[in-house]
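Peer 1: Encoded as structure tokens, here's the structure I'll be asking about.
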Amino acid sequence: MIQVADNIKIFVDEIPSHVKLIPISKTKPEDMILDAYNKGYKVFGENKVQDLVRKYESLPSDIEWHMVGHMQTNKVKYLAPFVHLMHGVDSLKLLRVINKEAGKSGRVLNVLLQMHIATEDTKFGFSEEEVIAILDSSDFHQMKNVKILGVMGMATYTSNLEQIRKEFKGLYNFFEKLKTDYFNMDQDFKEISMGMSSDYKIAIEEGSTMIRIGSMIFGNRN
């Protein structure tokens, strides 16, 4: 039996105090999360909406849930009442829907803008130009129920560590640009979600504030 709580503790003890660990349970059963919860860890993430909703409904209500996977606009309504942070916001259309559904729930939803930093076309995300166009738009300035806390990115799946480092460094530099040009007075704009099981150490070195760890905590997905 994988000891999820022990694996989480290893990470928490290892990473700097300013970096938040988001354990991603994916296909794993609720009791594995509950084991860690009972030992005091209350932050978890999912990459599929249906899994996240099911686990939210069956697990303690004070868990802080993060949605880290690709979001479809027609699924936002299921998460809007409870999710703490959406990491993968990658289109203006999705931002509009999040704002609308958050308003229905009487909430302001926290999001991260997902940037396309990898060389693979299969990964989602904005270009830098697209983000700047959104932040300059009147459309965005009318959104009262969405709050941008920072950026998120997934590096290329490669053994070339220097390429991974370059991609993370580029994301950090763009975050700094946004902070200076658009969020200078916003203390909440402070998150850079980058780094997974295979590359989290490089991500932390390059400025990550959140790492998303699945297999190294929960084992390989079912």
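Residue numbering restarts at 1 for every chain of the structure tokens, chains are lettered A, B, ... in their displayed order, and ligands are numbered from 1 as they appear.
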Just the residues within 7 Å of Met154 of chain A, please, counting only C-alpha atoms, with nothing from its chain fewer than 4 positions along; format it as a list in words.

Peer 2: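 With the cut-off at 7 Å, the set is Ile117, Ala118 and Met194 of chain A.
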
Peer 1: Which parts of segment 71-162 of chain A does DSSP call strand (DSSP E) when run on the backbone here, written out as an MDAnalysis selection string?

Peer 2: chainID A and resid 85:89 109:115 146:153

Peer 1: Extract, using only C-alpha atoms, all DNA, RNA and protein residues at most 12 Å from Leu171 of chain A, discarding same-chain residues fewer than 6 positions from it, and format them as a PyMOL selection string.

Peer 2: chain A and resi 113-118+125-128+150-155+164-165+177-178+191-195+203+206-208

Peer 1: Rounded to one decimal in Å, what is the spacing between atom CA of Ile8 of chain A and atom CA of Lys169 of chain A?

Peer 2: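 These two atoms are separated by 26.1 Å.
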
Peer 1: Would you list the contacts of segment 40-48 of chain A as a PyMOL selection string, taking every protein, DNA or RNA residue within 8 Å and counting only C-alpha atoms, but skipping same-chain residues closer than 3 positions in sequence?

Peer 2: chain A and resi 5+21-26+36-37+51-52+62-70+212

Peer 1: Those residues you just picked out, can you put them in a file as a CSV table (one decimal), in the first residue's frame with N, CA, C and O atoms?

Peer 2:
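The result, stored in again-v7.csv:
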```
chain,number,residue,atom,x,y,z
A,5,ALA,N,0.5,9.9,2.8
A,5,ALA,CA,0.8,10.9,3.8
A,5,ALA,C,2.3,11.0,3.9
A,5,ALA,O,2.9,12.1,4.1
A,21,LEU,N,2.8,22.7,-2.4
A,21,LEU,CA,2.7,21.3,-3.0
A,21,LEU,C,1.2,21.1,-3.3
A,21,LEU,O,0.4,21.1,-2.4
A,22,ILE,N,0.9,20.7,-4.6
A,22,ILE,CA,-0.4,20.3,-5.0
A,22,ILE,C,-0.4,18.8,-5.4
A,22,ILE,O,0.0,18.5,-6.5
A,23,PRO,N,-0.7,17.9,-4.5
A,23,PRO,CA,-0.8,16.5,-4.8
A,23,PRO,C,-1.9,16.2,-5.8
A,23,PRO,O,-3.1,16.6,-5.5
A,24,ILE,N,-1.6,15.5,-6.9
A,24,ILE,CA,-2.6,15.2,-7.9
A,24,ILE,C,-3.0,13.8,-7.9
A,24,ILE,O,-2.2,12.9,-8.3
A,25,SER,N,-4.2,13.5,-7.5
A,25,SER,CA,-4.5,12.0,-7.2
A,25,SER,C,-5.0,11.3,-8.5
A,25,SER,O,-5.0,10.1,-8.6
A,26,LYS,N,-5.5,12.1,-9.5
A,26,LYS,CA,-5.9,11.5,-10.8
A,26,LYS,C,-6.8,10.3,-10.6
A,26,LYS,O,-7.9,10.5,-10.0
A,36,ALA,N,-4.1,10.9,3.8
A,36,ALA,CA,-3.3,12.2,4.0
A,36,ALA,C,-4.0,13.2,4.7
A,36,ALA,O,-3.5,14.0,5.5
A,37,TYR,N,-5.3,13.4,4.4
A,37,TYR,CA,-6.1,14.4,5.1
A,37,TYR,C,-6.1,14.2,6.6
A,37,TYR,O,-6.0,15.1,7.4
A,51,ASP,N,-13.8,13.6,-11.9
A,51,ASP,CA,-13.2,13.1,-10.8
A,51,ASP,C,-13.1,14.1,-9.6
A,51,ASP,O,-13.3,13.7,-8.4
A,52,LEU,N,-12.9,15.3,-10.0
A,52,LEU,CA,-12.9,16.4,-8.9
A,52,LEU,C,-14.2,16.5,-8.3
A,52,LEU,O,-14.3,16.6,-7.0
A,62,ASP,N,-13.6,20.8,3.9
A,62,ASP,CA,-12.6,21.9,4.0
A,62,ASP,C,-11.3,21.6,3.2
A,62,ASP,O,-10.3,22.2,3.4
A,63,ILE,N,-11.4,20.6,2.3
A,63,ILE,CA,-10.2,20.4,1.4
A,63,ILE,C,-10.2,21.5,0.4
A,63,ILE,O,-11.2,22.0,-0.1
A,64,GLU,N,-9.0,22.0,0.1
A,64,GLU,CA,-8.8,23.1,-0.9
A,64,GLU,C,-8.5,22.4,-2.2
A,64,GLU,O,-7.4,21.8,-2.4
A,65,TRP,N,-9.4,22.5,-3.2
A,65,TRP,CA,-9.3,21.7,-4.4
A,65,TRP,C,-8.7,22.6,-5.5
A,65,TRP,O,-9.2,23.8,-5.7
A,66,HIS,N,-7.8,22.1,-6.3
A,66,HIS,CA,-7.2,22.7,-7.5
A,66,HIS,C,-7.6,21.9,-8.7
A,66,HIS,O,-7.4,20.7,-8.7
A,67,MET,N,-8.0,22.6,-9.7
A,67,MET,CA,-8.3,22.0,-11.0
A,67,MET,C,-7.1,22.3,-11.9
A,67,MET,O,-6.8,23.4,-12.3
A,68,VAL,N,-6.3,21.3,-12.3
A,68,VAL,CA,-5.0,21.5,-13.0
A,68,VAL,C,-5.1,21.1,-14.4
A,68,VAL,O,-4.2,21.4,-15.2
A,69,GLY,N,-6.1,20.4,-14.9
A,69,GLY,CA,-6.2,19.9,-16.2
A,69,GLY,C,-6.8,20.9,-17.2
A,69,GLY,O,-7.3,22.0,-16.8
A,70,HIS,N,-6.9,20.5,-18.4
A,70,HIS,CA,-7.6,21.3,-19.5
A,70,HIS,C,-9.1,21.4,-19.2
A,70,HIS,O,-9.7,20.4,-18.9
A,212,ARG,N,3.0,20.6,-9.1
A,212,ARG,CA,1.9,19.7,-9.2
A,212,ARG,C,2.4,18.3,-9.3
A,212,ARG,O,3.0,17.9,-10.3
```

Peer 1: Using only C-alpha atoms, which of A:Val97, A:Val83, A:Ile15, A:Ile33 sits nearest Phe140 of chain A?

Peer 2: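 Distance minimum relative to Phe140 of chain A lands on A:Val97.
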
Peer 1: From segment 28-68 of chain A, collect each residue whose DSSP state is helix (DSSP H, G or I) and return the set as a PDB file with N, CA, C and O atoms, in the first residue's frame.

Peer 2:
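Below is the file that was written, result_34.pdb:
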```pdb
ATOM      1  N   GLU A  30     -10.550   7.641  -3.283  1.00  0.00           N
ATOM      2  CA  GLU A  30     -10.704   8.642  -2.243  1.00  0.00           C
ATOM      3  C   GLU A  30      -9.970   8.298  -0.953  1.00  0.00           C
ATOM      4  O   GLU A  30      -9.489   9.186  -0.253  1.00  0.00           O
ATOM      5  N   ASP A  31      -9.894   6.994  -0.624  1.00  0.00           N
ATOM      6  CA  ASP A  31      -9.292   6.649   0.668  1.00  0.00           C
ATOM      7  C   ASP A  31      -7.809   6.994   0.733  1.00  0.00           C
ATOM      8  O   ASP A  31      -7.260   7.211   1.815  1.00  0.00           O
ATOM      9  N   MET A  32      -7.150   7.086  -0.421  1.00  0.00           N
ATOM     10  CA  MET A  32      -5.744   7.490  -0.424  1.00  0.00           C
ATOM     11  C   MET A  32      -5.610   8.964  -0.049  1.00  0.00           C
ATOM     12  O   MET A  32      -4.676   9.360   0.654  1.00  0.00           O
ATOM     13  N   ILE A  33      -6.553   9.776  -0.517  1.00  0.00           N
ATOM     14  CA  ILE A  33      -6.570  11.186  -0.137  1.00  0.00           C
ATOM     15  C   ILE A  33      -6.926  11.318   1.341  1.00  0.00           C
ATOM     16  O   ILE A  33      -6.319  12.105   2.068  1.00  0.00           O
ATOM     17  N   LEU A  34      -7.902  10.544   1.774  1.00  0.00           N
ATOM     18  CA  LEU A  34      -8.369  10.621   3.158  1.00  0.00           C
ATOM     19  C   LEU A  34      -7.262  10.277   4.142  1.00  0.00           C
ATOM     20  O   LEU A  34      -7.161  10.873   5.230  1.00  0.00           O
ATOM     21  N   ASP A  35      -6.393   9.346   3.756  1.00  0.00           N
ATOM     22  CA  ASP A  35      -5.261   8.987   4.604  1.00  0.00           C
ATOM     23  C   ASP A  35      -4.384  10.211   4.864  1.00  0.00           C
ATOM     24  O   ASP A  35      -3.995  10.484   6.005  1.00  0.00           O
ATOM     25  N   ALA A  36      -4.089  10.949   3.815  1.00  0.00           N
ATOM     26  CA  ALA A  36      -3.265  12.151   3.974  1.00  0.00           C
ATOM     27  C   ALA A  36      -4.023  13.250   4.709  1.00  0.00           C
ATOM     28  O   ALA A  36      -3.458  13.965   5.545  1.00  0.00           O
ATOM     29  N   TYR A  37      -5.311  13.384   4.408  1.00  0.00           N
ATOM     30  CA  TYR A  37      -6.140  14.389   5.086  1.00  0.00           C
ATOM     31  C   TYR A  37      -6.144  14.160   6.601  1.00  0.00           C
ATOM     32  O   TYR A  37      -6.003  15.118   7.385  1.00  0.00           O
ATOM     33  N   ASN A  38      -6.290  12.919   6.987  1.00  0.00           N
ATOM     34  CA  ASN A  38      -6.344  12.598   8.416  1.00  0.00           C
ATOM     35  C   ASN A  38      -5.028  12.874   9.139  1.00  0.00           C
ATOM     36  O   ASN A  38      -4.984  12.969  10.368  1.00  0.00           O
ATOM     37  N   VAL A  49     -12.600  16.959 -14.517  1.00  0.00           N
ATOM     38  CA  VAL A  49     -13.703  17.582 -13.783  1.00  0.00           C
ATOM     39  C   VAL A  49     -14.546  16.549 -13.056  1.00  0.00           C
ATOM     40  O   VAL A  49     -14.883  16.728 -11.878  1.00  0.00           O
ATOM     41  N   GLN A  50     -14.893  15.447 -13.741  1.00  0.00           N
ATOM     42  CA  GLN A  50     -15.787  14.475 -13.112  1.00  0.00           C
ATOM     43  C   GLN A  50     -15.150  13.837 -11.877  1.00  0.00           C
ATOM     44  O   GLN A  50     -15.831  13.576 -10.877  1.00  0.00           O
ATOM     45  N   ASP A  51     -13.842  13.609 -11.925  1.00  0.00           N
ATOM     46  CA  ASP A  51     -13.152  13.057 -10.754  1.00  0.00           C
ATOM     47  C   ASP A  51     -13.145  14.064  -9.607  1.00  0.00           C
ATOM     48  O   ASP A  51     -13.325  13.702  -8.441  1.00  0.00           O
ATOM     49  N   LEU A  52     -12.923  15.326  -9.960  1.00  0.00           N
ATOM     50  CA  LEU A  52     -12.863  16.362  -8.931  1.00  0.00           C
ATOM     51  C   LEU A  52     -14.219  16.528  -8.254  1.00  0.00           C
ATOM     52  O   LEU A  52     -14.301  16.607  -7.021  1.00  0.00           O
ATOM     53  N   VAL A  53     -15.283  16.564  -9.019  1.00  0.00           N
ATOM     54  CA  VAL A  53     -16.625  16.717  -8.439  1.00  0.00           C
ATOM     55  C   VAL A  53     -16.959  15.536  -7.536  1.00  0.00           C
ATOM     56  O   VAL A  53     -17.478  15.710  -6.425  1.00  0.00           O
ATOM     57  N   ARG A  54     -16.656  14.332  -8.009  1.00  0.00           N
ATOM     58  CA  ARG A  54     -16.956  13.137  -7.208  1.00  0.00           C
ATOM     59  C   ARG A  54     -16.204  13.167  -5.883  1.00  0.00           C
ATOM     60  O   ARG A  54     -16.774  12.882  -4.816  1.00  0.00           O
ATOM     61  N   LYS A  55     -14.930  13.521  -5.927  1.00  0.00           N
ATOM     62  CA  LYS A  55     -14.130  13.521  -4.706  1.00  0.00           C
ATOM     63  C   LYS A  55     -14.539  14.669  -3.775  1.00  0.00           C
ATOM     64  O   LYS A  55     -14.545  14.514  -2.554  1.00  0.00           O
ATOM     65  N   TYR A  56     -14.892  15.804  -4.359  1.00  0.00           N
ATOM     66  CA  TYR A  56     -15.382  16.920  -3.540  1.00  0.00           C
ATOM     67  C   TYR A  56     -16.626  16.495  -2.766  1.00  0.00           C
ATOM     68  O   TYR A  56     -16.783  16.816  -1.580  1.00  0.00           O
ATOM     69  N   GLU A  57     -17.513  15.770  -3.424  1.00  0.00           N
ATOM     70  CA  GLU A  57     -18.785  15.391  -2.798  1.00  0.00           C
ATOM     71  C   GLU A  57     -18.618  14.313  -1.737  1.00  0.00           C
ATOM     72  O   GLU A  57     -19.435  14.214  -0.813  1.00  0.00           O
ATOM     73  N   SER A  58     -17.565  13.494  -1.835  1.00  0.00           N
ATOM     74  CA  SER A  58     -17.430  12.364  -0.913  1.00  0.00           C
ATOM     75  C   SER A  58     -16.379  12.572   0.173  1.00  0.00           C
ATOM     76  O   SER A  58     -16.312  11.786   1.123  1.00  0.00           O
TER      77      SER A  58
END
```
